[in-house]
Amino acid sequence: MHSVTNTGSDAVRDDGVSGGPQTRRPGLWWRAGLDILVVLAGLALLIWGVVVLADPSVTCRGVEMSPGDLCHKSSYTSLRTDTVQSYEQRRHAVAQSRPTVIVLGAVTTAFGALMVYRRFSR
C-alpha cells in the first residue's frame, strides 16, 4: 500500500518496500522537458517527410533544377567535386529518402510519447 505525505513543497511517498519514505527526484520536470523535446523532434521529422519532401521541385544547392540539368555534388572540403548527379538521380534520391524520414519521425514521436507517458504515470 502506498501512502503519500505532502510536507510543504516536497512530496514524500512511502512505498512500504524500501524501508522508508522516498522523496521525488527534483529532476522530474527537467527530464520530462527532454522527453517532450524528443516528441517535438519526431513531429518535426514527420512533418518534414510528409510536407517538404513531397515538394516535386529538385534543387542543387538552392537552385531549382529541370530535366536534363546536372549537379556537381559538394563535399566537406569543396563546394564542387567531380561527382555529378542528374536531375533524375536527385529526384530518385529524394523519393527514396521520404519513407525513411517519415518512419523515423513516427518512431521517434512514439518513443518520446511513451517516455512522457511513463514519466507521468508513476
# chains A, B, ... in the order shown; residues from 1 in each chain; ligands from 1
>>> select_by_dssp(residues="range 33-117 of chain A", states="strand (DSSP E or B)", output="MDAnalysis selection string")
chainID A and resid 58:60 63:65 70:72 84:86
>>> residues_around(residues="Arg118 in chain A", least_positions_apart="3", cutoff="12 Å", atoms="only C-alpha atoms", output="ChimeraX atom specification")
/A:28,31-32,35,111-115,121-122
>>> write_last_selection(atoms="N, CA and C atoms", output="tab-separated table (two decimals), in the first residue's frame")
chain	number	residue	atom	x	y	z
A	28	LEU	N	12.59	15.67	-12.13
A	28	LEU	CA	11.43	15.16	-12.88
A	28	LEU	C	11.03	16.10	-14.01
A	31	ARG	N	13.70	16.33	-16.80
A	31	ARG	CA	13.69	15.12	-17.64
A	31	ARG	C	12.44	15.05	-18.51
A	32	ALA	N	11.31	15.47	-17.95
A	32	ALA	CA	10.08	15.49	-18.73
A	32	ALA	C	10.21	16.47	-19.89
A	35	ASP	N	12.01	14.71	-22.57
A	35	ASP	CA	11.11	13.75	-23.23
A	35	ASP	C	10.20	14.46	-24.22
A	111	PHE	N	8.20	6.93	-29.51
A	111	PHE	CA	9.13	6.67	-28.41
A	111	PHE	C	9.08	7.81	-27.39
A	112	GLY	N	9.11	9.05	-27.87
A	112	GLY	CA	9.03	10.20	-26.96
A	112	GLY	C	7.71	10.24	-26.21
A	113	ALA	N	6.62	9.94	-26.90
A	113	ALA	CA	5.31	9.92	-26.24
A	113	ALA	C	5.25	8.84	-25.17
A	114	LEU	N	5.85	7.70	-25.44
A	114	LEU	CA	5.90	6.63	-24.44
A	114	LEU	C	6.71	7.07	-23.22
A	115	MET	N	7.83	7.75	-23.47
A	115	MET	CA	8.64	8.24	-22.34
A	115	MET	C	7.86	9.25	-21.50
A	121	SER	N	2.99	8.67	-15.45
A	121	SER	CA	2.06	7.65	-14.95
A	121	SER	C	2.56	6.99	-13.66
A	122	ARG	N	3.71	7.41	-13.19
A	122	ARG	CA	4.25	6.83	-11.95
A	122	ARG	C	3.52	7.31	-10.75
>>> closest_residue(among="A:Val84, A:Val63, A:Ser57, A:Leu45", to="Arg98 in chain A", atoms="only C-alpha atoms")
A:Leu45
>>> residues_around(residues="Leu40 in chain A", least_positions_apart="6", cutoff="12 Å", atoms="only C-alpha atoms", output="ChimeraX atom specification")
/A:33-34,46-47,105-106,108-113,116
>>> closest_residue(among="A:Thr83, A:Tyr117, A:Val52, A:Ser78", to="Val101 in chain A", atoms="only C-alpha atoms")
A:Val52
>>> atom_distance(atom1="CA of Tyr87 in chain A", atom2="CA of Leu104 in chain A")
26.0 Å
>>> atom_distance(atom1="CA of Thr59 in chain A", atom2="CA of Val107 in chain A")
28.1 Å
>>> residues_around(residues="Ala54 in chain A", least_positions_apart="5", cutoff="10 Å", atoms="only C-alpha atoms", output="JSON, numbers by chain")
{"A": [48, 49, 94, 95, 98]}
>>> select_by_dssp(residues="range 30-93 of chain A", states="alpha helix (DSSP H)", output="ChimeraX atom specification")
/A:30-47,87-93
>>> write_last_selection(atoms="N, CA and C atoms", output="tab-separated table (two decimals), in the first residue's frame")
chain	number	residue	atom	x	y	z
A	30	TRP	N	12.72	18.53	-15.43
A	30	TRP	CA	13.82	18.69	-16.39
A	30	TRP	C	13.84	17.51	-17.35
A	31	ARG	N	13.70	16.33	-16.80
A	31	ARG	CA	13.69	15.12	-17.64
A	31	ARG	C	12.44	15.05	-18.51
A	32	ALA	N	11.31	15.47	-17.95
A	32	ALA	CA	10.08	15.49	-18.73
A	32	ALA	C	10.21	16.47	-19.89
A	33	GLY	N	10.91	17.58	-19.68
A	33	GLY	CA	11.16	18.53	-20.75
A	33	GLY	C	11.97	17.92	-21.88
A	34	LEU	N	12.96	17.10	-21.52
A	34	LEU	CA	13.75	16.41	-22.55
A	34	LEU	C	12.89	15.39	-23.30
A	35	ASP	N	12.01	14.71	-22.57
A	35	ASP	CA	11.11	13.75	-23.23
A	35	ASP	C	10.20	14.46	-24.22
A	36	ILE	N	9.69	15.61	-23.83
A	36	ILE	CA	8.82	16.39	-24.72
A	36	ILE	C	9.61	16.89	-25.92
A	37	LEU	N	10.88	17.23	-25.71
A	37	LEU	CA	11.74	17.65	-26.81
A	37	LEU	C	11.92	16.52	-27.83
A	38	VAL	N	12.00	15.28	-27.36
A	38	VAL	CA	12.10	14.13	-28.27
A	38	VAL	C	10.82	14.01	-29.11
A	39	VAL	N	9.66	14.22	-28.46
A	39	VAL	CA	8.39	14.18	-29.19
A	39	VAL	C	8.36	15.27	-30.27
A	40	LEU	N	8.79	16.48	-29.91
A	40	LEU	CA	8.79	17.57	-30.88
A	40	LEU	C	9.75	17.32	-32.04
A	41	ALA	N	10.91	16.74	-31.75
A	41	ALA	CA	11.87	16.40	-32.81
A	41	ALA	C	11.26	15.36	-33.75
A	42	GLY	N	10.58	14.36	-33.19
A	42	GLY	CA	9.92	13.35	-34.01
A	42	GLY	C	8.83	13.95	-34.88
A	43	LEU	N	8.04	14.86	-34.30
A	43	LEU	CA	7.00	15.52	-35.09
A	43	LEU	C	7.59	16.37	-36.20
A	44	ALA	N	8.71	17.03	-35.92
A	44	ALA	CA	9.37	17.83	-36.96
A	44	ALA	C	9.82	16.95	-38.12
A	45	LEU	N	10.42	15.80	-37.80
A	45	LEU	CA	10.83	14.86	-38.85
A	45	LEU	C	9.63	14.37	-39.65
A	46	LEU	N	8.57	14.04	-38.94
A	46	LEU	CA	7.36	13.53	-39.58
A	46	LEU	C	6.77	14.57	-40.53
A	47	ILE	N	6.65	15.80	-40.06
A	47	ILE	CA	6.10	16.87	-40.89
A	47	ILE	C	7.01	17.16	-42.08
A	87	TYR	N	19.36	15.37	-62.90
A	87	TYR	CA	18.06	15.75	-62.32
A	87	TYR	C	17.30	14.49	-61.89
A	88	GLU	N	17.29	13.49	-62.75
A	88	GLU	CA	16.55	12.26	-62.47
A	88	GLU	C	17.14	11.52	-61.26
A	89	GLN	N	18.47	11.51	-61.13
A	89	GLN	CA	19.10	10.85	-59.99
A	89	GLN	C	18.76	11.56	-58.69
A	90	ARG	N	18.79	12.88	-58.70
A	90	ARG	CA	18.47	13.63	-57.47
A	90	ARG	C	17.00	13.45	-57.10
A	91	ARG	N	16.13	13.45	-58.10
A	91	ARG	CA	14.69	13.25	-57.82
A	91	ARG	C	14.45	11.86	-57.22
A	92	HIS	N	15.15	10.86	-57.77
A	92	HIS	CA	15.01	9.49	-57.26
A	92	HIS	C	15.54	9.39	-55.82
A	93	ALA	N	16.64	10.07	-55.53
A	93	ALA	CA	17.22	10.04	-54.17
A	93	ALA	C	16.25	10.65	-53.16
>>> atom_distance(atom1="CA of Phe120 in chain A", atom2="CA of Val103 in chain A")
25.9 Å
